[in-house]
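Q: Hey, dropping run.txt in here, compact mmCIF, C-alpha atoms:
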# COMPACT_ATOMS: atom_id res chain seq x y z
CA ARG I 1 -8.82 -0.42 3.79
CA LEU I 2 -6.25 2.06 2.53
CA GLN I 3 -4.13 -0.84 1.35
CA ARG I 4 -6.88 -1.61 -1.17
CA LEU I 5 -6.15 1.75 -2.78
CA TYR I 6 -2.85 0.45 -4.02
CA GLU I 7 -4.64 -2.41 -5.77
CA ASN I 8 -6.96 -0.06 -7.68
CA LYS I 9 -4.35 1.99 -9.55
CA ARG I 10 -6.16 1.90 -12.90
CA GLU I 11 -9.35 3.16 -11.35
CA LEU I 12 -7.47 5.90 -9.51
CA GLN I 13 -5.72 7.00 -12.68
CA SER I 14 -9.14 7.57 -14.23
CA LEU I 15 -9.84 10.06 -11.45
CA GLN I 16 -6.68 11.87 -12.62
CA HIS I 17 -6.03 13.00 -9.06
CA SER I 18 -8.13 16.08 -9.75
CA GLN I 19 -11.05 15.11 -7.54
CA ILE I 20 -11.18 14.15 -3.89
CA TYR I 21 -12.08 10.49 -3.56
CA ARG I 22 -12.93 7.87 -0.95
CA LEU I 23 -13.36 4.12 -0.77
CA SER I 24 -16.81 2.90 -1.78
CA SER I 25 -19.14 1.75 0.98
CA ALA I 26 -18.26 -1.85 0.08
CA GLY I 27 -14.59 -0.94 0.51
CA ASN I 28 -13.48 -2.61 -2.71
CA SER I 29 -13.35 0.34 -5.13
CA THR I 30 -12.97 4.11 -5.14
CA GLU I 31 -15.45 6.84 -5.93
CA VAL I 32 -15.57 10.62 -6.00
CA ASP I 33 -16.37 11.82 -2.48
CA PRO I 34 -19.70 13.70 -2.77
CA GLY I 35 -19.38 15.27 0.67
CA PRO I 36 -20.43 16.99 2.68
CA GLY I 37 -17.08 18.41 3.75
CA PRO I 38 -14.91 19.34 5.40
CA TYR I 39 -12.39 17.35 3.42
CA VAL I 40 -8.85 16.44 4.44
CA PRO I 41 -7.28 15.12 1.23
CA ILE I 42 -3.70 13.96 0.96
CA TYR I 43 -1.99 16.53 -1.29
CA GLN I 44 1.62 15.44 -0.94
CA VAL I 45 3.18 12.17 0.12
CA SER I 46 6.67 10.78 0.43
CA PRO I 47 8.03 8.56 -0.93
CA LEU I 48 5.83 9.19 -3.95
CA HIS I 49 6.86 6.03 -5.81
CA HIS I 50 4.89 3.63 -3.59
CA ASN I 51 2.20 6.05 -2.42
CA GLN I 52 1.07 7.82 -5.58
CA ALA I 53 -2.41 6.27 -5.35
CA THR I 54 -3.15 8.10 -2.10
CA ILE I 55 -2.98 11.60 -3.64
CA MET I 56 -6.38 13.31 -3.18
CA TYR I 57 -7.69 10.55 -0.88
CA ASN I 58 -10.06 12.08 1.70
CA GLN I 59 -8.67 10.97 5.06
CA LYS I 60 -11.95 11.89 6.75
CA SER I 61 -13.67 9.07 4.82
CA PHE I 62 -11.65 6.50 6.82
CA PRO I 63 -13.34 6.14 10.27
CA THR I 64 -10.16 5.86 12.36
CA ARG I 65 -8.56 8.84 10.66
CA ASN I 66 -11.80 10.86 10.78
CA GLN I 67 -12.12 10.43 14.54
CA THR I 68 -8.53 11.50 15.14
CA LEU I 69 -8.78 14.49 12.77
CA ASP I 70 -11.96 15.67 14.52
CA ILE I 71 -10.18 15.54 17.89
CA MET I 72 -7.16 17.38 16.45
CA LEU I 73 -9.36 20.09 14.92
CA SER I 74 -11.32 20.61 18.15
CA THR I 75 -8.33 20.54 20.54
CA ARG I 76 -5.95 22.26 18.10
CA ARG I 77 -3.22 19.87 19.32
CA PRO I 78 -1.30 16.99 17.73
CA GLN I 79 -3.08 13.63 17.95
CA VAL I 80 -2.08 10.00 17.49
CA SER I 81 -4.76 7.82 15.88
CA ALA I 82 -6.06 4.49 17.01
CA ILE I 83 -4.47 1.46 15.38
CA LEU I 84 -5.34 1.76 11.69
CA TYR I 85 -5.62 -1.91 10.76
CA PRO I 86 -6.37 -3.94 13.92
CA GLU I 87 -6.27 -7.20 11.97
CA SER I 88 -2.68 -6.53 10.87
CA THR I 89 0.22 -8.29 12.56
CA THR I 90 2.14 -4.99 12.53
CA PRO I 91 0.12 -2.25 14.27
CA SER I 92 0.40 1.25 12.82
CA SER I 93 -1.03 4.67 13.64
CA VAL I 94 -0.91 8.21 12.28
CA LEU I 95 0.41 11.28 14.08
CA TYR I 96 -1.48 14.38 12.92
CA PHE I 97 -0.07 17.82 13.60
CA PRO I 98 -2.29 20.88 12.93
CA VAL I 99 -1.01 23.60 10.61
CA GLY I 100 -2.38 27.09 11.28
CA THR I 101 -2.40 30.35 9.35
CA ASP I 102 0.15 31.60 11.88
CA PHE I 103 1.73 30.44 15.16
CA SER I 104 -0.84 31.97 17.52
CA ASN I 105 -3.17 29.80 19.60
CA SER I 106 -6.19 31.31 17.83
CA ALA I 107 -4.97 30.74 14.25
CA ASP I 108 -7.32 29.04 11.81
CA ILE I 109 -6.32 25.43 11.13
CA VAL I 110 -5.73 25.19 7.39
CA GLY I 111 -4.13 21.76 7.08
CA THR I 112 -2.20 18.98 8.74
CA THR I 113 1.18 17.42 8.60
CA SER I 114 1.03 13.70 9.27
CA ILE I 115 3.18 10.65 9.48
CA GLU I 116 2.00 7.05 9.41
CA PHE I 117 4.29 4.81 11.44
CA ASP I 118 4.60 1.21 12.60
CA TRP I 119 4.69 0.79 16.35
CA GLU I 120 7.04 -2.17 16.02
CA ASP I 121 9.68 -0.06 14.25
CA THR I 122 9.26 2.70 16.84
CA PHE I 123 9.88 0.34 19.74
CA ARG I 124 12.64 -1.62 18.01
CA GLU I 125 14.87 1.45 17.92
CA GLY I 126 14.16 2.55 21.48
CA LEU I 127 14.13 -0.63 23.57
CA PRO I 128 17.09 -2.73 24.69
CA LEU I 129 16.66 -6.18 23.17
CA ASP I 130 18.33 -9.36 24.31
CA ASN I 131 18.58 -12.56 22.27
CA ALA I 132 15.07 -13.63 23.26
CA GLY I 133 13.39 -10.41 22.10
CA ILE I 134 10.63 -8.60 23.91
CA VAL I 135 6.84 -8.82 23.96
CA VAL I 136 5.11 -5.43 23.62
CA VAL I 137 1.53 -4.85 24.75
CA LEU I 138 0.17 -1.67 23.20
CA GLU I 139 -2.94 -0.14 24.80
CA ASN I 140 -4.42 3.17 23.76
CA SER I 141 -7.16 5.57 24.81
CA TYR I 142 -9.39 4.22 22.01
CA GLY I 143 -9.85 0.95 23.94
CA GLN I 144 -7.61 -1.08 21.66
CA GLU I 145 -4.98 -3.56 22.76
CA ASN I 146 -2.37 -5.15 20.51
CA THR I 147 0.42 -7.56 21.44
CA PHE I 148 3.43 -8.27 19.27
CA MET I 149 6.99 -9.52 19.62
CA ILE I 150 10.11 -7.60 18.64
CA GLN I 151 13.24 -9.64 17.96
Re-express the file's structure as structure tokens.
A:
Amino acid sequence: RLQRLYENKRELQSLQHSQIYRLSSAGNSTEVDPGPGPYVPIYQVSPLHHNQATIMYNQKSFPTRNQTLDIMLSTRRPQVSAILYPESTTPSSVLYFPVGTDFSNSADIVGTTSIEFDWEDTFREGLPLDNAGIVVVLENSYGQENTFMIQ
């Protein structure tokens, strides 16, 4: 669903990145997110060139991200999301790390630092590969299973 954001650049420019937005219920356009909060918008992203459209996108409006953010906020610990796009041939997830007002265990959580990553790239750098490659079966605590080959 987030990939559709990149296709709607003109519509996003009309929002002028000044309002928090979400995908419409049909998933084919964007709209101002009327709430209720809490909101977890993307304020900064890198590299900006290819990700500019995601600025001010409310991550809590995306079910997979919302579930992971809720767990992170309640446990106050880093969390890895379920696979974001199960229909994709390259599974990816997000690692969310809570940011508090200070470093104490009781600090208020005021934001997150996150990184979206491809599992294939993660394994490619850490596994010994022979000429035939390797088949990876990825299972997670969200009940998802994904199989892919790394060559």
Q: Please produce, as CSV, a per-residue contact table for region 41-147 of chain I versus region 27-37 of chain I (criterion: any atom at most 12 Å away, all atoms listed in the file considered), showing the nearest atom pair and its distance in Å to one decimal, sorted by chain then residue number.
A:
residue,atom,partner,partner_atom,distance
I:Pro41,CA,I:Asp33,CA,10.4
I:Ala53,CA,I:Thr30,CA,10.8
I:Thr54,CA,I:Thr30,CA,11.0
I:Met56,CA,I:Val32,CA,10.0
I:Tyr57,CA,I:Asp33,CA,8.9
I:Asn58,CA,I:Asp33,CA,7.6
I:Gln59,CA,I:Asp33,CA,10.8
I:Lys60,CA,I:Gly37,CA,8.8
I:Ser61,CA,I:Asp33,CA,8.3
I:Phe62,CA,I:Gly27,CA,10.2
I:Asn66,CA,I:Gly37,CA,11.6
Q: What is the CA of Ile20 (chain I) to CA of Arg65 (chain I) distance in Å?
A: 15.7 Å
Q: Find the spatial neighbours of region 119-127 of chain I, counting only C-alpha atoms, within a cut-off of 8 Å - ignore same-chain residues fewer than 3 positions away - and output them as a list in words.
A: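 In the requested form, the answer reads Thr90, Pro91, Ser92, Ser93, Phe148 and Ile150 of chain I.
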Q: What's the separation between CA of Thr89 (chain I) and CA of Ile115 (chain I), in Å to one decimal place?
A: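 Between CA of Thr89 (chain I) and CA of Ile115 (chain I) the gap works out to 19.4 Å.
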Q: Between CA of Tyr43 (chain I) and CA of Gln19 (chain I), what is the spacing in Å?
A: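 Separating CA of Gln19 (chain I) from CA of Tyr43 (chain I) is a distance of 11.1 Å.
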Q: Centre and edge lengths of an axis-aligned box around all listed atoms of region 32-45 of chain I, with 3 Å added on each side, are to be given in Å to one decimal, as AutoDock Vina command-line options.
A:
--center_x -8.6 --center_y 15.0 --center_z -0.3 --size_x 29.6 --size_y 14.7 --size_z 17.4
Q: Nearest residue to Asp70 (chain I) out of I:Gly143, I:Pro47, I:Gly133, I:Pro38, using all atoms listed in the file?
A: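 Under the stated criterion, the closest residue is I:Pro38.
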Q: With distances taken over all atoms listed in the file, which residue among I:Phe97, I:Ile55, I:Val45, I:Ala82 lies nearest Glu139 (chain I)?
A: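 Of I:Phe97, I:Ile55, I:Val45, I:Ala82, the one nearest Glu139 (chain I), counting all atoms listed in the file, is I:Ala82.
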